[in-house]
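Notes follow the structure.
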Amino acid sequence: MKIIDMHCDTISRIYKNPTASLRKNEFQLDLIKMKASGYVLQNFAMFIDLDEEDCPYDACHRQIAIFHQEMEKNQDLIRPVTTYQEIMENEKQGIMSALMTIEEGQVCKGDLRALKEFYDQGIRMMTFTWNHKNTLGSPAEPAHGTAKGGLTHLGIAFLDAMEQLGIIPDVSHLSDQGILDVCRLAKKPFVASHSNARALCARGRNLPDELIREIANRGGVIGVNFYGPFLTSVSDDNGCFYSYVTDIAKHIRHMVDIGGIACAGLGSDFDGIDDNLELKDCSHMELLESELRKSGFHEREIEHIFYRNVMELYRELLV
């Protein structure tokens, strides 16, 4: 089965572990494991925690430099893409594709010129926030006592600029009101790259049915997250929220029931989540494929979830 995953934090993990390699490592995702599993494309997030960086803008540039270094070293396996046509060309040659994204819109310092700069460097998707309120909007769960608001006036300006440039807006981590603002104002489809269903797991980071439906109605795709605490509200005796493929499949089923088959995708969050995973790393994606089949999904539906929905979105937006 071909695979497209809309979110991983592997580049950010290499940033913190400079001796690590994207080609082969002990993380949850590397190129060798991806190739063996049938990956067509992986979104690589430049993830920035505002509490850990004195200058998020500079830190994002350093991660972009790591991304390009890894792409240069591994051209035999993977190559960076910014357009749908490049994805198609890579696939014809048996080469995987890598799409750069940003997880934390504050790296732009509230400056639209910085957004254009990141676009010129290859960024094609960006979240407005991570877990901290910033100049663009408020996160899904309050951090440091901040209130849940929507997009700011600047956030609305960024949404418009992102759509004009060709950077796909990503509403994962954004507050409910912020997502409603995007639904109201966006002129093109957008994504929630790594989000789950609140009806199955009552976390603020997960999407209520209303927002699943709104995103789907606007042609968007939601990548289901593999993180245990976003899959289940029930922990074991040690307080561990374990990630089982049965729960991942349940969230996918719920997304499809609410928004239709075209809205569901994969957003593993590999290397940004703990190791309490039945699906230990990206070399075990067949476990999820098998579970979806057991859950009653037909082969064509599984193809849509695993890659076709995101590919169709990129065909429309990455021009």
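Identifiers for the structure tokens are assigned positionally: chains receive A, B, ... in sequence, residues are indexed from 1 per chain, and ligands are indexed from 1 in the order shown.
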**OP:** With a distance cut-off of 9 Å and only C-alpha atoms, select the neighbouring residues of Lys187 of chain A, excluding the residue or stretch itself and same-chain residues fewer than 4 positions from it, and output the selection as a PyMOL selection string.
**Re:** chain A and resi 160+163+183+218
Original post:
Leaving out Thr127 of chain A and any residue of its chain fewer than 3 positions from it, which residues lie within 8 Å of it when counting only C-alpha atoms, given as JSON, numbers by chain?
Top reply: {"A": [102, 103, 104, 105, 130, 169, 170, 171, 172, 173, 174]}
**OP:** From segment 14-193 of chain A, collect each residue whose DSSP state is helix (DSSP H, G or I) and return the set as number ranges by chain.
**Re:** A: 14-16, 31-37, 56-73, 84-92, 105-108, 112-120, 153-165, 176-185
Original post:
Counting only C-alpha atoms, what is within 10 Å of Leu185 of chain A, bar same-chain residues fewer than 6 positions away, as a PyMOL selection string?
Top reply: chain A and resi 156+159-160+179
Could you please take those selected residues and save N, CA and C atoms as a PDB file, in the first residue's frame?
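Result file is again33.pdb:
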ATOM      1  N   ILE A 156      -5.577  36.476  10.337  1.00  0.00           N
ATOM      2  CA  ILE A 156      -6.432  36.518   9.147  1.00  0.00           C
ATOM      3  C   ILE A 156      -5.633  36.980   7.939  1.00  0.00           C
ATOM      4  N   LEU A 159      -3.561  34.061   6.810  1.00  0.00           N
ATOM      5  CA  LEU A 159      -4.369  33.090   6.077  1.00  0.00           C
ATOM      6  C   LEU A 159      -4.499  33.508   4.620  1.00  0.00           C
ATOM      7  N   ASP A 160      -4.816  34.758   4.400  1.00  0.00           N
ATOM      8  CA  ASP A 160      -4.961  35.251   3.036  1.00  0.00           C
ATOM      9  C   ASP A 160      -3.644  35.156   2.271  1.00  0.00           C
ATOM     10  N   ILE A 179     -10.312  27.635  14.150  1.00  0.00           N
ATOM     11  CA  ILE A 179     -10.642  26.768  13.019  1.00  0.00           C
ATOM     12  C   ILE A 179     -11.925  27.251  12.345  1.00  0.00           C
TER      13      ILE A 179
END
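If you look at atom CA of Val256 of chain A and atom CA of Phe297 of chain A, they are 10.3 Å away from each other.
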Interface rows for segment 271-313 of chain A against segment 23-40 of chain A: nearest pair, Å to one decimal, 7 Å, only C-alpha atoms, as CSV:
residue,atom,partner,partner_atom,distance
A:Asp271,CA,A:Gln28,CA,5.6
A:Lys280,CA,A:Gln28,CA,6.9
A:Asp281,CA,A:Gln28,CA,4.3
A:Cys282,CA,A:Leu29,CA,5.5
A:Ser283,CA,A:Lys33,CA,4.9
A:Met285,CA,A:Ser37,CA,6.8
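Of the residues listed (A:Lys2, A:Lys294, A:His132, A:Lys16), A:Lys294 shows the shortest atom-to-atom separation from Thr246 of chain A; distances use only C-alpha atoms.
Ranking A:Tyr242, A:Tyr57, A:Phe158, A:Phe47 by their shortest atom-to-atom distance to Phe226 of chain A, with only C-alpha atoms included, puts A:Tyr242 first.
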Per DSSP on the backbone, what are the strand (DSSP E) residues of segment 84-283 of chain A, as a short mmCIF file (atom, residue, chain, number, x, y, z; two decimals) with N, CA and C atoms, in the first residue's frame?
data_model
loop_
_atom_site.label_atom_id
_atom_site.label_comp_id
_atom_site.auth_asym_id
_atom_site.auth_seq_id
_atom_site.Cartn_x
_atom_site.Cartn_y
_atom_site.Cartn_z
N MET A 96 11.05 8.57 -3.28
CA MET A 96 10.08 9.15 -2.36
C MET A 96 10.18 10.68 -2.38
N SER A 97 9.11 11.33 -1.95
CA SER A 97 9.06 12.79 -1.93
C SER A 97 8.99 13.30 -0.49
N ALA A 98 9.57 14.48 -0.29
CA ALA A 98 9.58 15.13 1.03
C ALA A 98 9.04 16.55 0.90
N LEU A 99 8.00 16.85 1.67
CA LEU A 99 7.40 18.18 1.65
C LEU A 99 7.69 18.87 2.98
N MET A 100 8.21 20.09 2.92
CA MET A 100 8.54 20.83 4.15
C MET A 100 7.34 21.60 4.67
N THR A 101 7.12 21.50 5.98
CA THR A 101 6.06 22.24 6.65
C THR A 101 6.63 22.94 7.89
N ILE A 102 5.86 23.85 8.44
CA ILE A 102 6.23 24.53 9.69
C ILE A 102 5.14 24.27 10.72
N GLU A 103 5.56 23.90 11.93
CA GLU A 103 4.63 23.73 13.04
C GLU A 103 4.94 24.80 14.08
N ILE A 123 8.82 25.86 1.96
CA ILE A 123 7.72 25.54 2.87
C ILE A 123 6.40 25.59 2.11
N ARG A 124 5.57 24.53 2.29
CA ARG A 124 4.29 24.47 1.59
C ARG A 124 3.10 24.18 2.51
N MET A 125 3.31 24.19 3.81
CA MET A 125 2.22 24.01 4.77
C MET A 125 2.66 24.60 6.09
N MET A 126 1.72 25.21 6.84
CA MET A 126 2.11 25.79 8.13
C MET A 126 0.92 25.83 9.08
N THR A 127 1.16 25.46 10.36
CA THR A 127 0.17 25.67 11.40
C THR A 127 0.23 27.12 11.87
N ILE A 168 -0.23 25.75 2.30
CA ILE A 168 -1.50 25.17 2.75
C ILE A 168 -1.71 25.47 4.23
N PRO A 169 -2.80 26.14 4.61
CA PRO A 169 -3.07 26.38 6.02
C PRO A 169 -3.35 25.07 6.75
N ASP A 170 -2.74 24.92 7.93
CA ASP A 170 -2.89 23.73 8.75
C ASP A 170 -3.50 24.15 10.08
N VAL A 191 -6.01 21.87 5.69
CA VAL A 191 -5.85 20.59 6.38
C VAL A 191 -5.82 20.77 7.89
N ALA A 192 -6.09 19.67 8.58
CA ALA A 192 -5.69 19.48 9.97
C ALA A 192 -4.72 18.31 9.90
N VAL A 221 -8.56 17.81 4.29
CA VAL A 221 -8.19 16.46 4.74
C VAL A 221 -7.68 16.54 6.17
N ILE A 222 -8.05 15.54 6.97
CA ILE A 222 -7.64 15.46 8.37
C ILE A 222 -6.74 14.24 8.54
N GLY A 223 -5.50 14.46 8.97
CA GLY A 223 -4.57 13.36 9.20
C GLY A 223 -4.71 12.84 10.62
N VAL A 224 -5.11 11.60 10.76
CA VAL A 224 -5.33 11.03 12.10
C VAL A 224 -3.99 10.81 12.80
N ALA A 264 -10.42 11.82 5.19
CA ALA A 264 -9.54 11.10 6.12
C ALA A 264 -8.18 10.83 5.51
N GLY A 265 -7.15 11.08 6.31
CA GLY A 265 -5.78 10.79 5.91
C GLY A 265 -4.96 10.38 7.12
N LEU A 266 -3.65 10.36 6.94
CA LEU A 266 -2.73 9.97 8.00
C LEU A 266 -1.87 11.15 8.42
#
